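With compact mmCIF, N, CA and C atoms inside, this is model.txt:
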```txt
# COMPACT_ATOMS: atom_id res chain seq x y z
N MET A 1 170.91 -115.32 -35.58
CA MET A 1 169.82 -115.91 -36.32
C MET A 1 169.57 -115.14 -37.62
N TYR A 2 169.56 -113.81 -37.56
CA TYR A 2 169.27 -113.02 -38.74
C TYR A 2 170.45 -112.96 -39.70
N GLY A 3 171.65 -113.26 -39.21
CA GLY A 3 172.83 -113.23 -40.06
C GLY A 3 172.99 -114.48 -40.91
N TYR A 4 172.19 -115.49 -40.65
CA TYR A 4 172.30 -116.76 -41.36
C TYR A 4 171.59 -116.67 -42.71
N ASP A 5 172.33 -116.89 -43.76
CA ASP A 5 171.78 -116.80 -45.11
C ASP A 5 171.33 -118.19 -45.55
N GLN A 6 170.02 -118.38 -45.70
CA GLN A 6 169.48 -119.67 -46.09
C GLN A 6 169.35 -119.81 -47.60
N GLY A 7 169.76 -118.81 -48.35
CA GLY A 7 169.68 -118.89 -49.80
C GLY A 7 168.29 -118.66 -50.34
N SER A 8 167.43 -118.00 -49.57
CA SER A 8 166.05 -117.80 -50.01
C SER A 8 165.98 -116.91 -51.26
N ASP A 9 167.01 -116.07 -51.47
CA ASP A 9 167.00 -115.24 -52.67
C ASP A 9 167.37 -116.03 -53.92
N LEU A 10 167.74 -117.30 -53.74
CA LEU A 10 168.06 -118.16 -54.86
C LEU A 10 166.87 -118.98 -55.33
N VAL A 11 165.72 -118.77 -54.69
CA VAL A 11 164.50 -119.43 -55.13
C VAL A 11 164.16 -118.89 -56.51
N LEU A 12 163.86 -119.77 -57.40
CA LEU A 12 163.64 -119.40 -58.80
C LEU A 12 162.29 -118.72 -59.02
N PHE A 13 161.28 -119.11 -58.28
CA PHE A 13 159.93 -118.62 -58.52
C PHE A 13 159.45 -117.68 -57.44
N ASN A 14 158.56 -116.78 -57.85
CA ASN A 14 158.03 -115.76 -56.94
C ASN A 14 159.16 -114.96 -56.31
N ASN A 15 160.20 -114.75 -57.09
CA ASN A 15 161.36 -114.00 -56.66
C ASN A 15 161.24 -112.59 -57.23
N ARG A 16 161.31 -111.59 -56.37
CA ARG A 16 161.11 -110.21 -56.83
C ARG A 16 162.18 -109.73 -57.78
N GLU A 17 163.28 -110.47 -57.91
CA GLU A 17 164.35 -110.09 -58.82
C GLU A 17 164.33 -110.86 -60.14
N ILE A 18 163.52 -111.88 -60.23
CA ILE A 18 163.40 -112.66 -61.45
C ILE A 18 162.02 -112.40 -62.02
N LEU A 19 161.97 -111.49 -62.99
CA LEU A 19 160.70 -111.00 -63.51
C LEU A 19 160.60 -111.20 -65.01
N VAL A 20 159.42 -111.57 -65.48
CA VAL A 20 159.10 -111.63 -66.90
C VAL A 20 157.96 -110.65 -67.11
N ASP A 21 158.19 -109.67 -67.95
CA ASP A 21 157.21 -108.59 -68.16
C ASP A 21 156.83 -107.92 -66.83
N ASN A 22 157.84 -107.70 -65.98
CA ASN A 22 157.68 -107.06 -64.68
C ASN A 22 156.79 -107.84 -63.71
N ILE A 23 156.65 -109.13 -63.92
CA ILE A 23 155.86 -110.00 -63.04
C ILE A 23 156.73 -111.17 -62.62
N SER A 24 156.72 -111.48 -61.32
CA SER A 24 157.45 -112.66 -60.88
C SER A 24 156.77 -113.90 -61.44
N VAL A 25 157.54 -114.92 -61.66
CA VAL A 25 157.01 -116.11 -62.34
C VAL A 25 156.85 -117.27 -61.37
N TYR A 26 155.95 -118.15 -61.72
CA TYR A 26 155.75 -119.40 -61.00
C TYR A 26 155.29 -120.44 -62.01
N LEU A 27 156.07 -121.48 -62.16
CA LEU A 27 155.73 -122.57 -63.09
C LEU A 27 155.54 -123.84 -62.27
N SER A 28 154.31 -124.19 -62.03
CA SER A 28 154.01 -125.33 -61.15
C SER A 28 154.59 -126.64 -61.68
N ASN A 29 154.62 -126.79 -63.00
CA ASN A 29 155.18 -128.04 -63.54
C ASN A 29 156.68 -128.15 -63.27
N TRP A 30 157.38 -127.03 -63.18
CA TRP A 30 158.80 -127.07 -62.81
C TRP A 30 158.95 -127.43 -61.34
N VAL A 31 158.15 -126.83 -60.49
CA VAL A 31 158.23 -127.10 -59.05
C VAL A 31 157.91 -128.57 -58.78
N GLN A 32 156.93 -129.12 -59.48
CA GLN A 32 156.58 -130.53 -59.32
C GLN A 32 157.75 -131.44 -59.67
N LYS A 33 158.63 -130.98 -60.55
CA LYS A 33 159.80 -131.76 -60.94
C LYS A 33 161.04 -131.37 -60.14
N ASP A 34 160.84 -130.64 -59.03
CA ASP A 34 161.91 -130.20 -58.12
C ASP A 34 162.88 -129.20 -58.73
N VAL A 35 162.43 -128.41 -59.66
CA VAL A 35 163.21 -127.29 -60.16
C VAL A 35 162.78 -126.10 -59.31
N ILE A 36 163.60 -125.78 -58.31
CA ILE A 36 163.21 -124.79 -57.32
C ILE A 36 164.23 -123.67 -57.20
N SER A 37 165.48 -124.01 -57.31
CA SER A 37 166.55 -123.05 -57.10
C SER A 37 167.25 -122.69 -58.41
N ILE A 38 167.89 -121.54 -58.43
CA ILE A 38 168.70 -121.15 -59.58
C ILE A 38 169.76 -122.22 -59.84
N LYS A 39 170.29 -122.80 -58.77
CA LYS A 39 171.32 -123.85 -58.91
C LYS A 39 170.82 -125.06 -59.69
N ASP A 40 169.52 -125.29 -59.72
CA ASP A 40 168.98 -126.42 -60.46
C ASP A 40 169.18 -126.26 -61.96
N LEU A 41 169.46 -125.06 -62.41
CA LEU A 41 169.65 -124.79 -63.83
C LEU A 41 171.11 -124.93 -64.25
N PHE A 42 171.99 -125.28 -63.31
CA PHE A 42 173.43 -125.35 -63.57
C PHE A 42 173.92 -126.78 -63.75
N LYS A 43 174.97 -126.89 -64.53
CA LYS A 43 175.76 -128.12 -64.60
C LYS A 43 176.71 -128.11 -63.40
N ASP A 44 177.46 -129.19 -63.23
CA ASP A 44 178.40 -129.28 -62.12
C ASP A 44 179.48 -128.19 -62.17
N ASP A 45 179.82 -127.75 -63.38
CA ASP A 45 180.87 -126.73 -63.53
C ASP A 45 180.36 -125.30 -63.35
N GLY A 46 179.06 -125.13 -63.06
CA GLY A 46 178.50 -123.80 -62.83
C GLY A 46 177.95 -123.13 -64.07
N SER A 47 178.04 -123.77 -65.21
CA SER A 47 177.44 -123.20 -66.42
C SER A 47 176.00 -123.70 -66.53
N TYR A 48 175.22 -122.98 -67.32
CA TYR A 48 173.82 -123.35 -67.49
C TYR A 48 173.67 -124.68 -68.21
N LEU A 49 172.65 -125.42 -67.83
CA LEU A 49 172.23 -126.58 -68.61
C LEU A 49 171.70 -126.07 -69.94
N SER A 50 171.94 -126.79 -71.00
CA SER A 50 171.28 -126.46 -72.26
C SER A 50 169.81 -126.85 -72.10
N PHE A 51 168.97 -126.38 -73.00
CA PHE A 51 167.56 -126.75 -72.91
C PHE A 51 167.39 -128.27 -72.97
N GLN A 52 168.14 -128.91 -73.85
CA GLN A 52 168.04 -130.37 -73.97
C GLN A 52 168.49 -131.07 -72.69
N GLU A 53 169.57 -130.59 -72.09
CA GLU A 53 170.04 -131.17 -70.82
C GLU A 53 169.00 -130.97 -69.71
N PHE A 54 168.41 -129.78 -69.67
CA PHE A 54 167.36 -129.49 -68.70
C PHE A 54 166.18 -130.45 -68.89
N SER A 55 165.73 -130.61 -70.13
CA SER A 55 164.60 -131.49 -70.44
C SER A 55 164.90 -132.94 -70.06
N ASN A 56 166.11 -133.38 -70.35
CA ASN A 56 166.50 -134.76 -70.01
C ASN A 56 166.60 -134.97 -68.51
N LYS A 57 167.15 -134.00 -67.81
CA LYS A 57 167.38 -134.13 -66.37
C LYS A 57 166.08 -134.12 -65.58
N PHE A 58 165.14 -133.25 -65.95
CA PHE A 58 163.94 -133.07 -65.15
C PHE A 58 162.67 -133.65 -65.78
N ALA A 59 162.72 -134.05 -67.04
CA ALA A 59 161.53 -134.55 -67.74
C ALA A 59 160.35 -133.62 -67.51
N CYS A 60 160.61 -132.36 -67.70
CA CYS A 60 159.65 -131.30 -67.42
C CYS A 60 159.02 -130.82 -68.71
N LYS A 61 157.69 -130.69 -68.72
CA LYS A 61 157.01 -130.19 -69.91
C LYS A 61 157.18 -128.68 -70.00
N THR A 62 158.02 -128.26 -70.90
CA THR A 62 158.27 -126.85 -71.14
C THR A 62 158.85 -126.72 -72.55
N ASN A 63 158.92 -125.51 -73.05
CA ASN A 63 159.54 -125.34 -74.36
C ASN A 63 160.79 -124.50 -74.21
N PHE A 64 161.61 -124.46 -75.24
CA PHE A 64 162.89 -123.78 -75.14
C PHE A 64 162.72 -122.28 -74.94
N LEU A 65 161.66 -121.68 -75.47
CA LEU A 65 161.45 -120.24 -75.28
C LEU A 65 161.18 -119.93 -73.81
N GLN A 66 160.37 -120.74 -73.18
CA GLN A 66 160.07 -120.53 -71.76
C GLN A 66 161.33 -120.72 -70.92
N TYR A 67 162.10 -121.76 -71.22
CA TYR A 67 163.34 -122.03 -70.49
C TYR A 67 164.30 -120.85 -70.62
N TYR A 68 164.54 -120.40 -71.84
CA TYR A 68 165.49 -119.31 -72.03
C TYR A 68 164.96 -117.98 -71.52
N GLN A 69 163.67 -117.82 -71.49
CA GLN A 69 163.09 -116.60 -70.92
C GLN A 69 163.41 -116.53 -69.42
N ILE A 70 163.25 -117.63 -68.73
CA ILE A 70 163.57 -117.68 -67.30
C ILE A 70 165.06 -117.47 -67.08
N VAL A 71 165.87 -118.20 -67.83
CA VAL A 71 167.32 -118.11 -67.67
C VAL A 71 167.82 -116.69 -67.92
N SER A 72 167.27 -116.03 -68.93
CA SER A 72 167.76 -114.70 -69.29
C SER A 72 167.35 -113.61 -68.29
N THR A 73 166.37 -113.87 -67.45
CA THR A 73 165.91 -112.85 -66.50
C THR A 73 166.61 -112.91 -65.15
N ILE A 74 167.45 -113.90 -64.93
CA ILE A 74 168.13 -114.04 -63.63
C ILE A 74 169.25 -113.01 -63.56
N PRO A 75 169.21 -112.12 -62.59
CA PRO A 75 170.24 -111.07 -62.47
C PRO A 75 171.62 -111.65 -62.18
N ASN A 76 172.64 -110.95 -62.64
CA ASN A 76 174.02 -111.41 -62.49
C ASN A 76 174.41 -111.64 -61.03
N GLN A 77 173.96 -110.78 -60.11
CA GLN A 77 174.36 -110.94 -58.71
C GLN A 77 173.81 -112.25 -58.13
N LEU A 78 172.63 -112.68 -58.60
CA LEU A 78 172.09 -113.96 -58.13
C LEU A 78 172.82 -115.13 -58.77
N LEU A 79 173.23 -114.97 -60.03
CA LEU A 79 174.02 -116.02 -60.67
C LEU A 79 175.34 -116.23 -59.94
N LEU A 80 176.01 -115.14 -59.62
CA LEU A 80 177.28 -115.24 -58.90
C LEU A 80 177.10 -115.90 -57.54
N LYS A 81 176.06 -115.49 -56.83
CA LYS A 81 175.81 -116.09 -55.52
C LYS A 81 175.49 -117.57 -55.64
N ALA A 82 174.67 -117.94 -56.61
CA ALA A 82 174.31 -119.36 -56.80
C ALA A 82 175.53 -120.19 -57.13
N ARG A 83 176.47 -119.63 -57.87
CA ARG A 83 177.68 -120.37 -58.22
C ARG A 83 178.62 -120.51 -57.03
N GLN A 84 178.53 -119.61 -56.06
CA GLN A 84 179.43 -119.63 -54.91
C GLN A 84 178.90 -120.48 -53.76
N VAL A 85 177.59 -120.70 -53.72
CA VAL A 85 176.98 -121.47 -52.64
C VAL A 85 177.21 -122.95 -52.90
N ASP A 86 177.65 -123.67 -51.86
CA ASP A 86 177.90 -125.10 -52.02
C ASP A 86 176.62 -125.88 -52.26
N SER A 87 175.61 -125.61 -51.47
CA SER A 87 174.36 -126.32 -51.64
C SER A 87 173.21 -125.42 -51.20
N VAL A 88 172.06 -125.72 -51.69
CA VAL A 88 170.84 -125.01 -51.30
C VAL A 88 169.95 -126.03 -50.62
N THR A 89 169.42 -125.68 -49.47
CA THR A 89 168.56 -126.58 -48.73
C THR A 89 167.21 -126.66 -49.42
N LYS A 90 166.97 -127.73 -50.14
CA LYS A 90 165.74 -127.88 -50.91
C LYS A 90 164.50 -127.90 -50.03
N ASN A 91 164.59 -128.50 -48.86
CA ASN A 91 163.40 -128.58 -47.99
C ASN A 91 162.91 -127.20 -47.60
N SER A 92 163.83 -126.31 -47.25
CA SER A 92 163.39 -124.97 -46.85
C SER A 92 162.89 -124.19 -48.06
N LEU A 93 163.49 -124.38 -49.23
CA LEU A 93 163.02 -123.69 -50.43
C LEU A 93 161.65 -124.20 -50.85
N GLN A 94 161.41 -125.48 -50.75
CA GLN A 94 160.11 -126.03 -51.10
C GLN A 94 159.04 -125.51 -50.15
N ALA A 95 159.36 -125.40 -48.89
CA ALA A 95 158.40 -124.88 -47.92
C ALA A 95 158.04 -123.44 -48.24
N MET A 96 159.04 -122.64 -48.65
CA MET A 96 158.77 -121.24 -48.99
C MET A 96 157.90 -121.12 -50.23
N THR A 97 158.13 -121.95 -51.23
CA THR A 97 157.33 -121.84 -52.45
C THR A 97 155.89 -122.24 -52.21
N THR A 98 155.66 -123.10 -51.23
CA THR A 98 154.30 -123.50 -50.90
C THR A 98 153.50 -122.31 -50.39
N PHE A 99 154.14 -121.43 -49.64
CA PHE A 99 153.44 -120.30 -49.04
C PHE A 99 153.28 -119.12 -49.99
N PHE A 100 154.09 -119.02 -51.02
CA PHE A 100 154.11 -117.82 -51.84
C PHE A 100 153.66 -118.06 -53.27
N ILE A 101 152.72 -118.91 -53.49
CA ILE A 101 152.17 -119.13 -54.83
C ILE A 101 151.26 -117.95 -55.15
N LEU A 102 151.56 -117.28 -56.24
CA LEU A 102 150.78 -116.12 -56.63
C LEU A 102 149.58 -116.54 -57.45
N ILE A 103 148.48 -115.90 -57.23
CA ILE A 103 147.26 -116.18 -57.98
C ILE A 103 146.90 -114.93 -58.77
N THR A 104 146.67 -115.09 -60.06
CA THR A 104 146.28 -113.97 -60.90
C THR A 104 144.76 -113.85 -60.86
N ILE A 105 144.28 -112.67 -60.55
CA ILE A 105 142.85 -112.42 -60.49
C ILE A 105 142.48 -111.52 -61.65
N SER A 106 141.43 -111.87 -62.34
CA SER A 106 140.97 -111.08 -63.48
C SER A 106 140.52 -109.71 -63.02
N GLU A 107 140.88 -108.68 -63.79
CA GLU A 107 140.51 -107.31 -63.44
C GLU A 107 139.03 -107.05 -63.76
N SER A 108 138.39 -107.92 -64.49
CA SER A 108 137.01 -107.69 -64.87
C SER A 108 136.02 -108.04 -63.75
N ILE A 109 136.51 -108.62 -62.68
CA ILE A 109 135.62 -109.02 -61.58
C ILE A 109 135.13 -107.80 -60.84
```

Structure rendered as structure tokens:
Amino acid sequence: MYGYDQGSDLVLFNNREILVDNISVYLSNWVQKDVISIKDLFKDDGSYLSFQEFSNKFACKTNFLQYYQIVSTIPNQLLLKARQVDSVTKNSLQAMTTFFILITISESI
């Protein structure tokens, strides 16, 4: 049971290895459009979607700086793993993201 790799480290958001300014990211508008896994950012040949291809495929409200910021923070070992995995079980990844939504609390409270 513990030897089975479900690809949970390929989840794009709230991933301890995908950090922007040392903080894990969560973009609800991407999750709503089913952008959940690192594999969602790839073309069929394993290369990254361009920003325009990403926008066309997911109709997601984002800008190119945000897209490239996320893409540039993905570590090489996760990129290699995502390219080697045949498929990622979206249902299990969606269930995990539901439980791990981070909430930022103001320090002034």

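Note that atom C of Cys60 of chain A and atom CA of Leu27 of chain A are 10.5 Å apart.
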
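The residue that comes closest to Leu12 of chain A, out of A:Asp40, A:Asp86, A:Glu53, A:Asp45 and on the basis of only C-alpha atoms, is A:Asp40.
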
Who sits within 8 Å of Lys61 of chain A, all atoms listed in the file, same chain under 4 positions skipped, as a PyMOL selection string: chain A and resi 29-30+55

Ref. answer, residues at most 12 Å from (152.3, -127.3, -61.5) with only C-alpha atoms, as a PyMOL selection string: chain A and resi 13+26-36+60-62+97-98+101

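Atom pair atom N of Ser37 of chain A / atom C of Leu10 of chain A has a distance of 5.6 Å (rounded to one decimal).
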
Nearest candidate to Tyr68 of chain A (options A:Leu80, A:Phe51, A:Asp9, A:Gly46; using all atoms listed in the file): A:Phe51

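The two atoms in question, atom C of Phe58 of chain A and atom N of Val25 of chain A, are spaced 19.9 Å apart.
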
Selection near Glu17 of chain A, 7 Å with only N, CA and C atoms, sequence-local residues under 5 positions removed, as a PyMOL selection string: chain A and resi 24+73-75

Those of segment 5-69 of chain A in DSSP strand (DSSP E), formatted as JSON, numbers by chain: {"A": [19, 20, 23, 24]}
